[in-house]
$ cat my_file_36.cif   # mmCIF, C-alpha atoms
data_target
#
loop_
_atom_site.label_atom_id
_atom_site.label_comp_id
_atom_site.auth_asym_id
_atom_site.auth_seq_id
_atom_site.Cartn_x
_atom_site.Cartn_y
_atom_site.Cartn_z
CA MET A 1045 70.90 121.73 113.35
CA THR A 1046 70.43 123.38 116.72
CA GLU A 1047 72.23 121.86 119.67
CA ALA A 1048 69.86 120.67 122.36
CA PRO A 1049 70.32 122.38 125.73
CA ALA A 1050 71.55 120.48 128.73
CA LEU A 1051 68.83 118.51 130.44
CA PRO A 1052 67.64 119.88 133.79
CA PRO A 1053 68.44 118.28 137.14
CA PRO A 1054 66.17 115.53 138.47
CA ALA A 1055 62.74 116.76 139.42
CA ARG A 1056 61.96 117.25 143.09
CA SER A 1057 59.76 114.74 144.85
CA ASP A 1058 56.05 115.47 144.81
CA ALA A 1059 53.27 115.41 147.36
CA PRO A 1060 51.30 112.17 147.57
CA VAL A 1061 48.73 111.82 144.84
CA GLY A 1062 45.96 111.30 147.39
CA SER A 1063 46.69 114.71 148.89
CA ALA A 1064 46.45 116.41 145.49
CA TRP A 1065 43.16 114.75 144.62
CA HIS A 1066 41.76 115.52 148.07
CA LYS A 1067 42.53 119.20 147.57
CA MET A 1068 40.92 119.24 144.13
CA TRP A 1069 37.64 117.64 145.23
CA LEU A 1070 37.56 119.72 148.41
CA PHE A 1071 37.86 122.85 146.30
CA ILE A 1072 35.04 121.72 144.01
CA ALA A 1073 32.85 121.06 147.05
CA ILE A 1074 33.59 124.54 148.39
CA LEU A 1075 32.75 126.13 145.05
CA LEU A 1076 29.44 124.29 144.97
CA PHE A 1077 28.71 125.48 148.52
CA VAL A 1078 29.44 129.16 147.82
CA GLN A 1079 27.45 129.25 144.60
CA ALA A 1080 24.42 131.02 146.03
CA PRO A 1081 21.21 131.61 144.02
CA THR A 1082 21.12 134.92 142.20
CA SER A 1083 18.33 137.14 140.99
CA SER A 1084 17.60 137.25 137.27
CA GLU A 1085 19.00 140.78 137.14
CA SER A 1086 22.31 139.88 138.78
CA ALA A 1087 22.52 136.70 136.68
CA ALA A 1088 22.22 138.80 133.54
CA GLU A 1089 24.98 141.06 134.78
CA GLN A 1090 27.22 138.05 135.45
CA LYS A 1091 26.56 136.68 131.98
CA LYS A 1092 27.61 139.99 130.46
CA ALA A 1093 30.83 139.88 132.48
CA LEU A 1094 31.92 136.59 130.93
CA ASN A 1095 34.37 136.66 128.05
CA PRO A 1096 32.18 136.22 124.96
CA GLU A 1097 34.25 133.27 123.69
CA THR A 1098 33.10 131.29 126.73
CA LEU A 1099 29.83 130.57 124.95
CA MET A 1100 31.26 130.18 121.44
CA ASN A 1101 32.34 127.24 119.30
CA VAL A 1102 35.57 127.28 117.27
CA SER A 1103 34.11 128.96 114.18
CA GLN A 1104 32.41 131.63 116.26
CA ILE A 1105 35.65 132.39 118.11
CA VAL A 1106 37.52 132.76 114.82
CA CYS A 1107 34.87 135.12 113.40
CA HIS A 1108 34.71 137.06 116.67
CA ARG A 1109 38.39 137.91 116.26
CA GLY A 1110 37.80 139.18 112.72
CA TYR A 1111 39.26 136.21 110.81
CA PRO A 1112 37.65 134.24 107.98
CA SER A 1113 36.28 130.88 109.08
CA GLU A 1114 35.40 127.72 107.18
CA GLU A 1115 34.13 124.33 108.39
CA TYR A 1116 34.40 120.93 106.73
CA GLU A 1117 33.32 117.41 107.65
CA VAL A 1118 35.56 114.54 106.56
CA LEU A 1119 34.63 110.85 106.47
CA THR A 1120 37.23 108.39 107.76
CA ARG A 1121 37.73 104.89 106.35
CA ASP A 1122 36.07 103.37 109.42
CA GLY A 1123 32.94 105.51 109.19
CA TYR A 1124 33.52 108.46 111.54
CA TYR A 1125 32.87 112.04 110.48
CA ILE A 1126 35.47 114.47 111.82
CA ARG A 1127 35.14 118.25 111.76
CA LEU A 1128 37.91 120.49 110.45
CA ASN A 1129 38.07 124.24 111.05
CA ARG A 1130 39.95 126.44 108.64
CA ILE A 1131 41.38 129.96 108.86
CA PRO A 1132 42.33 130.48 105.19
CA HIS A 1133 44.18 133.77 105.75
CA GLY A 1134 44.76 136.54 108.27
CA ARG A 1135 42.59 139.51 109.10
CA GLU A 1136 44.05 141.40 106.20
CA LYS A 1137 42.86 140.18 102.81
CA PRO A 1138 45.67 138.36 100.97
CA ASN A 1139 47.35 140.36 98.21
CA SER A 1140 47.47 137.41 95.83
CA ARG A 1141 45.36 134.35 95.13
CA GLY A 1142 48.40 132.10 94.86
CA ALA A 1143 48.88 128.96 96.91
CA LYS A 1144 49.62 129.53 100.58
CA PRO A 1145 51.69 127.18 102.75
CA VAL A 1146 49.45 124.96 104.85
CA VAL A 1147 49.74 124.16 108.55
CA PHE A 1148 47.64 121.62 110.45
CA LEU A 1149 47.20 122.00 114.22
CA GLN A 1150 46.13 118.99 116.30
CA HIS A 1151 44.89 119.31 119.88
CA GLY A 1152 45.62 117.12 122.91
CA ILE A 1153 43.58 114.67 124.97
CA PHE A 1154 40.33 116.11 126.36
CA GLY A 1155 40.85 119.07 124.05
CA GLU A 1156 39.43 120.23 120.71
CA GLY A 1157 40.28 122.76 118.01
CA SER A 1158 39.64 125.81 120.20
CA HIS A 1159 42.96 125.10 121.98
CA TRP A 1160 44.67 127.13 119.25
CA VAL A 1161 42.42 130.23 119.28
CA GLU A 1162 41.36 130.72 122.91
CA ASN A 1163 43.71 133.60 123.69
CA LEU A 1164 43.85 137.03 122.10
CA ALA A 1165 44.89 137.21 118.45
CA ASN A 1166 48.51 138.10 119.26
CA ASN A 1167 48.77 135.20 121.73
CA SER A 1168 47.05 132.32 119.88
CA LEU A 1169 49.09 130.17 117.49
CA GLY A 1170 46.19 129.73 115.05
CA PHE A 1171 45.81 133.47 114.57
CA ILE A 1172 49.55 134.16 114.56
CA LEU A 1173 50.06 131.63 111.75
CA ALA A 1174 47.14 133.03 109.73
CA ASP A 1175 48.54 136.57 110.03
CA SER A 1176 51.96 135.23 108.98
CA GLY A 1177 50.62 134.03 105.63
CA TYR A 1178 49.63 130.44 106.38
CA ASP A 1179 46.49 128.53 105.51
CA VAL A 1180 45.59 127.21 108.97
CA TRP A 1181 43.57 124.04 109.63
CA LEU A 1182 42.41 122.88 113.08
CA GLY A 1183 41.68 119.20 113.70
CA ASN A 1184 38.95 117.82 115.97
CA SER A 1185 39.47 114.16 116.87
CA ARG A 1186 36.64 111.63 116.87
CA GLY A 1187 34.51 111.79 119.97
CA THR A 1188 35.01 115.51 120.59
CA SER A 1189 31.99 117.83 120.66
CA TRP A 1190 32.46 118.63 116.96
CA SER A 1191 33.22 115.09 115.72
CA ARG A 1192 30.42 112.92 117.08
CA ARG A 1193 28.85 111.55 113.92
CA HIS A 1194 29.21 108.12 112.34
CA GLN A 1195 27.82 106.52 109.21
CA HIS A 1196 25.93 103.85 111.12
CA LEU A 1197 26.40 104.46 114.85
CA SER A 1198 25.00 106.96 117.32
CA ALA A 1199 27.12 108.61 120.02
CA ASP A 1200 24.68 107.09 122.49
CA GLN A 1201 25.88 103.62 121.55
CA VAL A 1202 28.81 101.96 123.30
CA GLU A 1203 30.12 100.79 119.91
CA PHE A 1204 30.66 104.40 118.82
CA TRP A 1205 33.25 104.84 121.59
CA ASP A 1206 35.31 101.76 120.68
CA PHE A 1207 38.43 103.74 119.81
CA SER A 1208 41.62 105.18 121.29
CA PHE A 1209 44.44 107.37 120.02
CA HIS A 1210 45.38 104.42 117.79
CA GLU A 1211 42.32 104.94 115.57
CA MET A 1212 42.84 108.70 115.63
CA ALA A 1213 46.30 108.16 114.16
CA MET A 1214 45.31 105.38 111.74
CA TYR A 1215 42.08 106.88 110.40
CA ASP A 1216 41.37 110.46 111.53
CA LEU A 1217 44.71 112.01 110.68
CA PRO A 1218 45.18 110.41 107.22
CA ALA A 1219 41.62 111.36 106.23
CA ALA A 1220 42.12 114.93 107.44
CA ILE A 1221 45.52 115.40 105.79
CA ASP A 1222 44.37 113.89 102.48
CA PHE A 1223 41.37 116.21 102.47
CA VAL A 1224 43.44 119.30 103.29
CA LEU A 1225 46.01 118.57 100.57
CA GLN A 1226 43.27 117.91 98.01
CA LYS A 1227 41.37 121.07 99.00
CA THR A 1228 44.43 123.33 98.94
CA GLY A 1229 46.18 121.74 95.95
CA GLN A 1230 49.37 121.40 97.98
CA LYS A 1231 51.70 118.40 98.09
CA GLN A 1232 52.87 118.87 101.66
CA LEU A 1233 51.95 120.62 104.87
CA HIS A 1234 53.36 121.50 108.28
CA TYR A 1235 51.99 119.59 111.27
CA VAL A 1236 51.95 120.93 114.83
CA GLY A 1237 50.86 118.44 117.49
CA TYR A 1238 50.22 119.19 121.14
CA SER A 1239 50.15 116.53 123.87
CA GLN A 1240 48.20 113.57 122.43
CA GLY A 1241 48.38 115.32 119.06
CA CYS A 1242 51.99 114.19 118.73
CA THR A 1243 54.09 111.29 119.96
CA ILE A 1244 56.02 113.18 122.64
CA VAL A 1245 54.76 110.91 125.40
CA VAL A 1246 56.27 107.69 124.09
CA THR A 1247 56.39 106.53 127.70
CA ALA A 1248 54.57 108.16 130.57
CA LYS A 1249 56.14 106.50 133.59
CA HIS A 1250 57.64 109.79 134.84
CA ALA A 1251 54.40 111.80 134.54
CA ARG A 1252 53.71 113.76 137.74
CA SER A 1253 50.09 114.77 137.11
CA PRO A 1254 47.72 113.45 139.80
CA LEU A 1255 45.47 112.28 136.98
CA MET A 1256 48.28 110.18 135.51
CA LYS A 1257 49.23 108.93 138.98
CA LEU A 1258 45.65 107.87 139.54
CA LEU A 1259 45.89 105.79 136.38
CA PHE A 1260 49.08 104.27 137.78
CA LEU A 1261 47.30 103.38 141.02
CA LEU A 1262 44.63 101.62 138.96
CA ASP A 1263 47.12 99.82 136.72
CA LYS A 1264 46.88 96.53 138.62
CA ASN A 1265 43.28 96.25 137.48
CA LEU A 1266 42.58 98.44 134.47
CA LYS A 1267 39.01 97.18 134.44
CA MET A 1268 38.42 99.63 137.31
CA ILE A 1269 38.60 102.56 134.87
CA PRO A 1270 35.45 101.61 132.91
CA LEU A 1271 33.72 100.93 136.23
CA LEU A 1272 34.54 104.47 137.37
CA LEU A 1273 34.03 106.29 134.06
CA GLY A 1274 31.48 104.15 132.25
CA ARG A 1275 31.91 102.77 128.73
CA THR A 1276 31.38 105.82 126.53
CA ASP A 1277 32.57 109.41 127.10
CA ALA A 1278 35.40 109.51 129.66
CA SER A 1279 34.86 113.18 130.54
CA LEU A 1280 31.10 113.00 131.12
CA HIS A 1281 31.21 112.94 134.93
CA MET A 1282 34.02 115.48 135.10
CA ARG A 1283 32.13 117.94 132.87
CA LYS A 1284 29.06 117.67 135.10
CA LEU A 1285 31.17 118.84 138.05
CA TRP A 1286 33.07 121.33 135.89
CA ARG A 1287 30.09 123.06 134.24
CA PHE A 1288 29.75 125.79 136.88
CA LEU A 1289 33.42 126.80 136.73
CA PRO A 1290 33.34 129.31 133.82
CA GLU A 1291 30.82 131.44 135.73
CA LEU A 1292 32.76 131.23 138.99
CA CYS A 1293 36.25 131.58 137.52
CA ARG A 1294 35.49 135.04 136.18
CA HIS A 1295 35.63 136.33 139.78
CA THR A 1296 39.03 137.74 140.68
CA LEU A 1297 39.03 136.14 144.13
CA LEU A 1298 38.59 132.70 142.56
CA HIS A 1299 41.24 133.08 139.85
CA ARG A 1300 43.95 131.31 141.82
CA PRO A 1301 41.90 128.29 143.00
CA CYS A 1302 40.44 127.89 139.50
CA ALA A 1303 43.91 127.98 137.99
CA ASN A 1304 45.07 125.42 140.56
CA LEU A 1305 42.57 122.91 139.17
CA LEU A 1306 44.32 123.15 135.79
CA PHE A 1307 47.74 123.12 137.44
CA LEU A 1308 46.91 119.84 139.21
CA LEU A 1309 46.50 118.25 135.80
CA GLY A 1310 49.40 119.80 133.92
CA GLY A 1311 51.86 121.48 136.28
CA HIS A 1312 52.16 124.89 137.92
CA ASP A 1313 53.11 128.16 136.20
CA GLU A 1314 50.80 130.86 137.58
CA LYS A 1315 52.73 133.83 136.22
CA ASN A 1316 52.33 132.62 132.64
CA LEU A 1317 48.55 132.08 132.63
CA ASN A 1318 46.11 134.82 131.64
CA MET A 1319 43.77 134.66 134.64
CA THR A 1320 41.16 136.81 132.88
CA ARG A 1321 40.68 133.98 130.34
CA LEU A 1322 39.96 131.21 132.85
CA ASP A 1323 36.25 131.22 131.97
CA VAL A 1324 37.17 130.54 128.33
CA TYR A 1325 39.63 127.76 129.18
CA THR A 1326 37.27 125.95 131.58
CA SER A 1327 34.30 126.23 129.22
CA HIS A 1328 36.14 124.31 126.48
CA TYR A 1329 38.23 121.95 128.61
CA PRO A 1330 37.75 119.10 129.25
CA ASP A 1331 36.02 118.00 126.06
CA SER A 1332 35.05 114.44 125.17
CA THR A 1333 37.11 111.36 124.51
CA SER A 1334 36.48 107.64 124.88
CA VAL A 1335 37.01 105.59 128.03
CA LYS A 1336 38.99 103.19 125.83
CA ASN A 1337 41.38 106.04 125.02
CA VAL A 1338 41.95 106.66 128.73
CA VAL A 1339 42.52 102.93 129.28
CA HIS A 1340 45.03 102.87 126.41
CA TRP A 1341 47.00 105.72 127.98
CA ALA A 1342 46.80 103.90 131.33
CA GLN A 1343 48.39 100.89 129.65
CA VAL A 1344 51.19 103.14 128.41
CA VAL A 1345 51.70 104.39 131.98
CA LYS A 1346 51.69 100.85 133.34
CA SER A 1347 54.06 99.31 130.80
CA GLY A 1348 56.30 102.30 130.11
CA GLU A 1349 56.04 101.30 126.44
CA PHE A 1350 54.36 103.07 123.53
CA LYS A 1351 52.37 100.26 121.96
CA ALA A 1352 48.99 99.26 120.59
CA PHE A 1353 45.98 98.60 122.80
CA ASP A 1354 46.35 95.52 124.99
CA TYR A 1355 43.32 93.23 124.65
CA GLY A 1356 44.77 90.62 126.97
CA SER A 1357 43.68 87.11 126.03
CA GLU A 1358 42.28 88.45 122.75
CA ASN A 1359 45.67 89.71 121.53
CA PRO A 1360 46.43 86.60 119.41
CA ALA A 1361 43.17 87.05 117.49
CA VAL A 1362 43.78 90.77 116.98
CA TYR A 1363 47.56 90.90 116.44
CA GLN A 1364 48.54 87.28 115.81
CA GLN A 1365 50.82 87.49 118.84
CA ASP A 1366 50.43 87.41 122.62
CA THR A 1367 51.42 91.03 123.23
CA PRO A 1368 50.46 94.22 121.39
CA PRO A 1369 53.04 95.48 118.87
CA LEU A 1370 55.23 98.45 119.70
CA TYR A 1371 54.81 101.61 117.67
CA ARG A 1372 57.89 102.10 115.50
CA VAL A 1373 58.71 105.73 116.10
CA GLU A 1374 62.11 105.16 114.47
CA GLU A 1375 60.41 104.74 111.10
CA MET A 1376 58.90 108.24 111.02
CA PRO A 1377 60.29 109.72 107.78
CA VAL A 1378 59.44 113.38 108.40
CA PRO A 1379 61.75 116.06 109.84
CA THR A 1380 60.70 116.53 113.46
CA ALA A 1381 61.18 119.29 116.03
CA VAL A 1382 60.50 118.69 119.73
CA TRP A 1383 59.88 121.00 122.68
CA SER A 1384 59.47 120.01 126.34
CA GLY A 1385 58.61 121.79 129.59
CA GLY A 1386 60.43 121.30 132.87
CA GLU A 1387 57.24 121.73 134.93
CA ASP A 1388 55.07 119.66 132.58
CA TRP A 1389 53.40 117.05 134.80
CA ALA A 1390 51.78 115.19 131.89
CA ALA A 1391 54.56 114.98 129.29
CA ASP A 1392 57.55 114.81 131.61
CA TRP A 1393 60.93 115.84 130.16
CA ARG A 1394 62.44 112.52 131.28
CA ASP A 1395 60.01 110.69 129.02
CA VAL A 1396 60.91 113.08 126.21
CA ARG A 1397 64.58 112.25 126.80
CA LEU A 1398 63.76 108.57 126.18
CA LEU A 1399 62.04 109.53 122.94
CA LEU A 1400 64.75 111.69 121.38
CA PRO A 1401 67.20 108.92 120.33
CA ARG A 1402 64.35 107.14 118.56
CA ILE A 1403 63.52 110.08 116.25
CA ALA A 1404 65.41 109.40 113.03
CA HIS A 1405 65.01 112.91 111.62
CA LEU A 1406 65.22 115.13 114.69
CA ILE A 1407 65.81 118.69 113.50
CA THR A 1408 65.92 120.43 116.86
CA TYR A 1409 65.02 119.88 120.51
CA THR A 1410 64.37 122.73 122.93
CA HIS A 1411 63.72 122.42 126.66
CA ILE A 1412 61.87 125.24 128.46
CA PRO A 1413 62.60 124.66 132.17
CA ASP A 1414 59.78 126.71 133.70
CA TRP A 1415 56.93 125.66 131.37
CA ASN A 1416 54.03 123.41 132.31
CA HIS A 1417 51.68 121.44 130.04
CA TRP A 1418 49.36 124.39 129.36
CA ASP A 1419 52.05 126.91 128.46
CA PHE A 1420 52.37 125.41 124.97
CA VAL A 1421 48.85 126.57 124.04
CA TRP A 1422 47.91 129.20 126.66
CA GLY A 1423 51.23 130.63 127.86
CA LEU A 1424 51.50 134.42 127.87
CA ASP A 1425 55.10 134.20 126.67
CA ALA A 1426 54.44 131.43 124.11
CA PRO A 1427 54.69 133.76 121.06
CA GLY A 1428 58.23 134.79 121.95
CA ARG A 1429 59.54 131.51 123.37
CA LEU A 1430 57.87 128.97 121.08
CA TYR A 1431 55.71 130.26 118.24
CA SER A 1432 58.46 132.44 116.78
CA SER A 1433 60.72 129.36 116.65
CA ILE A 1434 58.01 127.34 114.91
CA LEU A 1435 57.61 130.07 112.32
CA ARG A 1436 61.35 130.24 111.66
CA LEU A 1437 61.54 126.48 111.18
CA MET A 1438 58.59 126.44 108.79
CA GLU A 1439 59.83 129.38 106.78
CA GLY A 1440 63.19 127.69 106.37
CA SER A 1441 61.66 124.44 105.10
CA TRP A 1442 59.09 125.72 102.63
#
$ encode --input "my_file_36.cif" --output "structure tokens"
Amino acid sequence: MTEAPALPPPARSDAPVGSAWHKMWLFIAILLFVQAPTSSESAAEQKKALNPETLMNVSQIVCHRGYPSEEYEVLTRDGYYIRLNRIPHGREKPNSRGAKPVVFLQHGIFGEGSHWVENLANNSLGFILADSGYDVWLGNSRGTSWSRRHQHLSADQVEFWDFSFHEMAMYDLPAAIDFVLQKTGQKQLHYVGYSQGCTIVVTAKHARSPLMKLLFLLDKNLKMIPLLLGRTDASLHMRKLWRFLPELCRHTLLHRPCANLLFLLGGHDEKNLNMTRLDVYTSHYPDSTSVKNVVHWAQVVKSGEFKAFDYGSENPAVYQQDTPPLYRVEEMPVPTAVWSGGEDWAADWRDVRLLLPRIAHLITYTHIPDWNHWDFVWGLDAPGRLYSSILRLMEGSW
């Protein structure tokens, strides 16, 4: 058991949320203004200058780095097809055909499986684990670009998007894990969750991200969120504004303002972000999720409680009680390790502090004072400060 470090001092006060959002939209407007038409010759040159992974899906990125890649589609109990990506071994062919320990990596909100392979091979957890002898599986939650099929529904239908992180946990994850265990012949696996992919944010009342604060401003009337975002894909409007960023963010002069867009959402840590990969990051983020999922997280922000979706007057019919039930984190039977970042504006360390006493089988907790939300998947120093610790924990438990 590793002793948890002392918690950091209270966070400094932040600029008003309106100021942060004003800066973000002003920057987007400026980028649109400076995007002048180009000749076909110069456009071709710009396209060549992009990192190749900018235009690739998860499987293509894996193959591009010289790793074996497999894809599977799994049917959930409620009719959704979710895509799984697999890196069965490292770049070197395995010496034996024996069973390999399995690790499952689950992305965060507005993300997808590429989170784990977007950096160079020595800086991406998916590749590091594969080279360390693990059978690596990458999840893609329902509604993402790679998991948009249903037995009876089309992604164009509002009914397709009637889900939140609750259904991802109740249906997607069990279906994925059962499939992986059956496919590999293993009885257990290691699970690494990032952001929404785990239960770190049991409450989100301390979150400092302007996006989370916007949800807080709307909490008096959560019906405003569907009015602003629609009733299907929550990221649709944002991606329309975002689509020109990969091309622009490859320019050195625009590295810092492009990075600031990401920092507004997850906290600032410029020195730890590979600016030459901004075109890759912005081409894959944000991905799709449902408006209902955003509303559910807004309810968590509003109530400060980690509980099921609040249907208001319909709660008695759904839950047989007036209020949605709380999620019983205390009943998690698995050994659990937790990491938090001091500059993480989405999963604030104070919310993590509220979570820790509720984890019955907490193995270790580590606080990284200077890390933001993105450092866990994109940080330049992540291999030394986080991934090596994950490997040591897994090797000791297998």
$ closest_residue --input "my_file_36.cif" --among "A:Thr1296, A:Gln1232, A:Ser1239, A:Thr1380" --to "Leu1322 of chain A" --atoms "only C-alpha atoms"
A:Thr1296
$ atom_distance --input "my_file_36.cif" --atom1 "atom CA of Tyr1355 of chain A" --atom2 "atom CA of Arg1121 of chain A"
22.4 Å
$ closest_atom_pairs --input "my_file_36.cif" --of "segment 1184-1236 of chain A" --to "segment 1091-1101 of chain A" --cutoff "12 Å" --atoms "all atoms listed in the file" --output "tab-separated table"
residue	atom	partner	partner_atom	distance
A:Asn1184	CA	A:Asn1101	CA	12.0
A:Ser1189	CA	A:Asn1101	CA	9.5
A:Trp1190	CA	A:Asn1101	CA	8.9
$ closest_residue --input "my_file_36.cif" --among "A:Val1421, A:Leu1430, A:Leu1297, A:Leu1398" --to "Gly1157 of chain A" --atoms "all atoms listed in the file"
A:Val1421
$ atom_distance --input "my_file_36.cif" --atom1 "atom CA of Ala1352 of chain A" --atom2 "atom CA of Pro1369 of chain A"
5.8 Å
$ residues_near_point --input "my_file_36.cif" --point "(43.0, 108.4, 126.4)" --cutoff "10 Å" --atoms "only C-alpha atoms" --output "count of residues only"
21
$ closest_residue --input "my_file_36.cif" --among "A:Gly1311, A:Pro1368, A:Pro1145, A:Pro1427" --to "Trp1415 of chain A" --atoms "only C-alpha atoms"
A:Gly1311
$ residues_around --input "my_file_36.cif" --residues "Thr1228 of chain A" --least-positions-apart "3" --cutoff "9 Å" --atoms "only C-alpha atoms" --output "list in words"
Ala1143, Lys1144, Val1146, Asp1179, Phe1223, Val1224, Leu1225 and Lys1231 of chain A
$ write_last_selection --input "my_file_36.cif" --atoms "C-alpha atoms" --output "compact mmCIF listing (two decimals), keeping the file's coordinate frame"
# COMPACT_ATOMS: atom_id res chain seq x y z
CA ALA A 1143 48.88 128.96 96.91
CA LYS A 1144 49.62 129.53 100.58
CA VAL A 1146 49.45 124.96 104.85
CA ASP A 1179 46.49 128.53 105.51
CA PHE A 1223 41.37 116.21 102.47
CA VAL A 1224 43.44 119.30 103.29
CA LEU A 1225 46.01 118.57 100.57
CA LYS A 1231 51.70 118.40 98.09
$ resolve_selection --input "my_file_36.cif" --expression "the PyMOL selection byres ((chain A and resi 1118) around 8)" --output "ChimeraX atom specification"
/A:1116-1117,1119-1120,1125-1128,1219-1220,1223
$ residues_around --input "my_file_36.cif" --residues "Thr1188 of chain A" --least-positions-apart "6" --cutoff "7 Å" --atoms "all atoms listed in the file" --output "VMD selection string"
chain A and resid 1156 1331 to 1333
$ closest_residue --input "my_file_36.cif" --among "A:Glu1114, A:Asp1277, A:Asp1175, A:Asp1323" --to "Gly1134 of chain A" --atoms "only C-alpha atoms"
A:Asp1175
$ atom_distance --input "my_file_36.cif" --atom1 "atom CA of Ile1131 of chain A" --atom2 "atom CA of Cys1107 of chain A"
9.5 Å
$ closest_residue --input "my_file_36.cif" --among "A:Asp1419, A:Asp1216, A:Asp1206, A:Glu1375" --to "Tyr1238 of chain A" --atoms "all atoms listed in the file"
A:Asp1419
$ resolve_selection --input "my_file_36.cif" --expression "the PyMOL selection byres ((chain A and resi 1383) around 8)" --output "list of chain:residue names"
A:Ala1381, A:Val1382, A:Ser1384, A:Gly1385, A:Tyr1409, A:Thr1410, A:His1411, A:Ile1412
